[in-house]
Amino acid sequence: MLLEFFDGYARNYAPYKGGNWCYEDGLVYRGLELLHLATGDERWLRHLKRLLDRQILAGPKLSGYVLSEYNIDNIRPGCALLYLHAVTGDPKYLAAAHVLADQLTTHPRTRSGVYWHKLRYPWQIWLDGLYMAAPFQIAYAHVTGKQELIEDSLGQVATALSQTYVAETGLYAHGVDEARQQAWADADTGLSRAHWSRALGWLAMCLVDIAELVGPEAFSPLEERTSGLLRRIAELRQPGGLWLQVIDAPGQPGNYVESSASAMFVYALERGASLGLVDLETRDLVSVLTGKVMERGKEGRLQMTGICEVAGLGGFDGRYRDGTAEYYLSEPVVADDAKGVGPLMMCIALATAARPAQELVTAT
């Protein structure tokens, strides 16, 4: 049973970066939040609270968090702070969320008004960063009554979509360099080259999550682009039922089915369909996903396989990530990474809320 897999995963979860505040932990937190919402089972709330509480220090401070790095990834786990504030009423969670909101008040922006991905990646918009910041900023605005933050987030997302759209493919580039300084960026457009699935997964999850947060009227300026992206993602689903690491290049040597992006796409398509953003039969999506990505290891333990460990653009760890298909296919593939298991939790949570769990959460 996948619910038991998730229970064991959360029970034994080691913080991704040694306890330092990071987006990878935030994906597990989001999965636990949605499982709690879907099932009402208090074990998911207990896991979430236990994992998050040890990262909140006196002050309040967040373990290992440094505002001056201006890393947009660090905003993602803030959504869990807002959820725990809503569920428990404990003011420490909102106080910790204020720390992240303070970062956004001074976070550097491109000339077009979108948050830089990180201070060390100047003038760059990455699709990843939209998911990291926009849902938190909108949820925070709901809690604090700061309507202008919702308008700012929606405007940033609209601008980013306009800047990263690739008409030839009907998809969005992983990143754009407004300064046209990076070797990965096209000299004319500033866009990165290949379409990495997980980048599009971040974007798709961002769009459906903010659609739910703001409601159909406020989301209407983004509806057409969102529906178009979801339809295009559905078109690129491979005959086996999942999606490739380089999503639109089935003939690319070494291309493979990638689990984390596939889970993100299933989640986005499920939620998008429930919100009326895409007309798609989603009944088989979760069962196909779990049947493909869950395997028994040598010791008989269930695990999620086929996850790209990490990918990005520009210099990192002594190498230069040039955004080509060959680069994305060179990154290590691992099992049970939070970037895969978190979105898989989200998929199961959505499906469990819609249908009896026993129909959905068995895996061979």
# chains A, B, ... in the order shown; residues from 1 in each chain; ligands from 1
call {"tool": "residues_around", "arguments": {"residues": "region 337-346 of chain A", "least_positions_apart": "5", "cutoff": "8 Å", "atoms": "only C-alpha atoms", "output": "number ranges by chain"}}
result
A: 6, 16, 24-25, 27-32, 34-35, 259-261, 263-264, 267, 304, 307, 309
call {"tool": "select_by_dssp", "arguments": {"residues": "region 111-326 of chain A", "states": "strand (DSSP E)", "output": "JSON, numbers by chain"}}
result
{"A": [124, 125, 126, 165, 166, 171, 172, 175, 176, 177, 294, 295, 296, 302, 303, 304, 307, 308, 314, 315, 316, 319, 320, 321]}
call {"tool": "closest_residue", "arguments": {"among": "A:Pro250, A:Arg76, A:Ser112, A:Leu236", "to": "Asp177 (chain A)", "atoms": "only C-alpha atoms"}}
result
A:Ser112
call {"tool": "residues_around", "arguments": {"residues": "Tyr172 (chain A)", "least_positions_apart": "3", "cutoff": "8 Å", "atoms": "only C-alpha atoms", "output": "list in words"}}
result
Leu161, Thr164, Tyr165, Val166, His195 and Leu200 of chain A
call {"tool": "write_last_selection", "arguments": {"atoms": "all heavy atoms", "output": "tab-separated table (two decimals), in the first residue's frame"}}
result
chain	number	residue	atom	x	y	z
A	161	LEU	N	5.46	33.78	-18.08
A	161	LEU	CA	4.92	32.95	-19.16
A	161	LEU	C	5.15	33.60	-20.52
A	161	LEU	O	5.52	32.92	-21.49
A	161	LEU	CB	3.43	32.70	-18.94
A	161	LEU	CG	3.06	31.79	-17.76
A	161	LEU	CD1	1.55	31.74	-17.58
A	161	LEU	CD2	3.62	30.40	-17.95
A	164	THR	N	8.94	33.21	-21.46
A	164	THR	CA	9.53	31.88	-21.63
A	164	THR	C	8.82	31.02	-22.67
A	164	THR	O	9.26	29.90	-22.95
A	164	THR	CB	9.56	31.12	-20.29
A	164	THR	OG1	8.23	31.02	-19.76
A	164	THR	CG2	10.46	31.81	-19.28
A	165	TYR	N	7.73	31.50	-23.25
A	165	TYR	CA	6.97	30.69	-24.19
A	165	TYR	C	7.76	30.44	-25.47
A	165	TYR	O	8.39	31.36	-26.02
A	165	TYR	CB	5.65	31.36	-24.52
A	165	TYR	CG	4.75	30.53	-25.43
A	165	TYR	CD1	4.25	29.31	-25.00
A	165	TYR	CD2	4.44	30.96	-26.71
A	165	TYR	CE1	3.43	28.54	-25.82
A	165	TYR	CE2	3.62	30.21	-27.53
A	165	TYR	CZ	3.12	28.99	-27.08
A	165	TYR	OH	2.33	28.23	-27.90
A	166	VAL	N	7.72	29.21	-25.94
A	166	VAL	CA	8.39	28.81	-27.18
A	166	VAL	C	7.31	28.37	-28.16
A	166	VAL	O	6.77	27.27	-28.04
A	166	VAL	CB	9.40	27.68	-26.93
A	166	VAL	CG1	10.12	27.31	-28.24
A	166	VAL	CG2	10.42	28.08	-25.87
A	195	HIS	N	13.73	21.28	-23.48
A	195	HIS	CA	12.60	21.31	-22.56
A	195	HIS	C	12.75	20.19	-21.53
A	195	HIS	O	12.48	19.02	-21.81
A	195	HIS	CB	11.28	21.14	-23.31
A	195	HIS	CG	10.90	22.32	-24.13
A	195	HIS	ND1	10.63	23.56	-23.58
A	195	HIS	CD2	10.75	22.47	-25.48
A	195	HIS	CE1	10.32	24.41	-24.53
A	195	HIS	NE2	10.38	23.79	-25.69
A	200	LEU	N	8.93	22.01	-16.44
A	200	LEU	CA	7.53	22.17	-16.82
A	200	LEU	C	6.60	21.64	-15.74
A	200	LEU	O	5.48	22.14	-15.57
A	200	LEU	CB	7.28	21.45	-18.15
A	200	LEU	CG	7.96	22.13	-19.35
A	200	LEU	CD1	8.10	21.16	-20.51
A	200	LEU	CD2	7.19	23.38	-19.76
call {"tool": "residues_around", "arguments": {"residues": "Thr106 (chain A)", "least_positions_apart": "4", "cutoff": "12 Å", "atoms": "only C-alpha atoms", "output": "VMD selection string"}}
result
chain A and resid 67 to 72 99 to 102 115 to 116 119
call {"tool": "write_last_selection", "arguments": {"atoms": "C-alpha atoms", "output": "short mmCIF file (atom, residue, chain, number, x, y, z; two decimals), in the first residue's frame"}}
result
data_model
loop_
_atom_site.label_atom_id
_atom_site.label_comp_id
_atom_site.auth_asym_id
_atom_site.auth_seq_id
_atom_site.Cartn_x
_atom_site.Cartn_y
_atom_site.Cartn_z
CA LEU A 67 18.01 35.92 3.80
CA SER A 68 20.90 37.62 2.01
CA GLU A 69 21.30 34.65 -0.32
CA TYR A 70 18.00 35.68 -1.91
CA ASN A 71 17.30 32.11 -2.92
CA ILE A 72 13.72 31.86 -4.20
CA VAL A 99 10.60 35.72 7.92
CA LEU A 100 10.13 34.43 4.37
CA ALA A 101 7.70 37.19 3.45
CA ASP A 102 10.36 39.70 4.52
CA TYR A 115 11.91 37.66 -8.90
CA TRP A 116 15.46 36.60 -9.75
CA LEU A 119 21.22 36.26 -6.07
#
call {"tool": "select_by_dssp", "arguments": {"residues": "region 64-198 of chain A", "states": "alpha helix (DSSP H)", "output": "PyMOL selection string"}}
result
chain A and resi 78-88+91-106+127-144+147-164+197-198
call {"tool": "closest_atom_pairs", "arguments": {"of": "region 31-120 of chain A", "to": "region 314-322 of chain A", "cutoff": "12 Å", "atoms": "only C-alpha atoms", "output": "Markdown table"}}
result
| residue | atom | partner | partner_atom | distance |
| --- | --- | --- | --- | --- |
| A:His117 | CA | A:Gly314 | CA | 11.9 |
| A:Lys118 | CA | A:Gly314 | CA | 11.8 |
| A:Arg120 | CA | A:Gly315 | CA | 9.6 |
call {"tool": "write_last_selection", "arguments": {"atoms": "N, CA, C and O atoms", "output": "compact mmCIF listing (two decimals), in the first residue's frame"}}
result
# COMPACT_ATOMS: atom_id res chain seq x y z
N HIS A 117 15.95 34.23 -9.82
CA HIS A 117 15.92 32.89 -9.26
C HIS A 117 16.76 32.82 -7.97
O HIS A 117 16.31 32.28 -6.96
N LYS A 118 17.95 33.36 -8.03
CA LYS A 118 18.80 33.47 -6.84
C LYS A 118 19.72 34.67 -7.04
O LYS A 118 19.94 35.11 -8.18
N ARG A 120 22.82 34.62 -6.89
CA ARG A 120 23.97 34.20 -7.71
C ARG A 120 23.57 33.84 -9.14
O ARG A 120 24.42 33.47 -9.94
call {"tool": "closest_residue", "arguments": {"among": "A:Ala335, A:Glu270, A:Lys61, A:Gly175", "to": "Arg301 (chain A)", "atoms": "only C-alpha atoms"}}
result
A:Ala335
call {"tool": "residues_around", "arguments": {"residues": "Ala311 (chain A)", "least_positions_apart": "5", "cutoff": "12 Å", "atoms": "only C-alpha atoms", "output": "ChimeraX atom specification"}}
result
/A:126,128,174,195-199,245-246,316-317,319-333,339
call {"tool": "residues_around", "arguments": {"residues": "Ala218 (chain A)", "least_positions_apart": "3", "cutoff": "12 Å", "atoms": "only C-alpha atoms", "output": "CSV table (one decimal) with C-alpha atoms, in the first residue's frame"}}
result
chain,number,residue,atom,x,y,z
A,138,ILE,CA,-0.7,34.3,-2.5
A,147,GLN,CA,-4.3,41.9,-1.6
A,150,ILE,CA,-1.9,38.5,-5.0
A,151,GLU,CA,-1.9,40.9,-7.8
A,153,SER,CA,2.2,37.2,-7.9
A,154,LEU,CA,-0.3,36.9,-10.8
A,155,GLY,CA,1.5,39.6,-12.7
A,210,ILE,CA,-2.7,29.3,-7.7
A,211,ALA,CA,-5.8,28.8,-9.8
A,212,GLU,CA,-7.3,27.1,-6.7
A,213,LEU,CA,-6.0,29.7,-4.4
A,214,VAL,CA,-7.3,32.8,-6.2
A,215,GLY,CA,-10.5,31.5,-7.8
A,221,PRO,CA,-6.0,36.1,-17.4
A,222,LEU,CA,-3.9,33.0,-16.9
A,223,GLU,CA,-6.6,30.4,-17.8
call {"tool": "atom_distance", "arguments": {"atom1": "CA of Glu178 (chain A)", "atom2": "CA of Trp202 (chain A)"}}
result
20.4 Å
call {"tool": "atom_distance", "arguments": {"atom1": "CA of Thr169 (chain A)", "atom2": "CA of Arg232 (chain A)"}}
result
9.0 Å
call {"tool": "atom_distance", "arguments": {"atom1": "CA of Ala14 (chain A)", "atom2": "CA of Trp44 (chain A)"}}
result
16.2 Å
call {"tool": "closest_residue", "arguments": {"among": "A:Leu285, A:Ala96, A:Leu203, A:Met1", "to": "Ala173 (chain A)", "atoms": "only C-alpha atoms"}}
result
A:Leu203
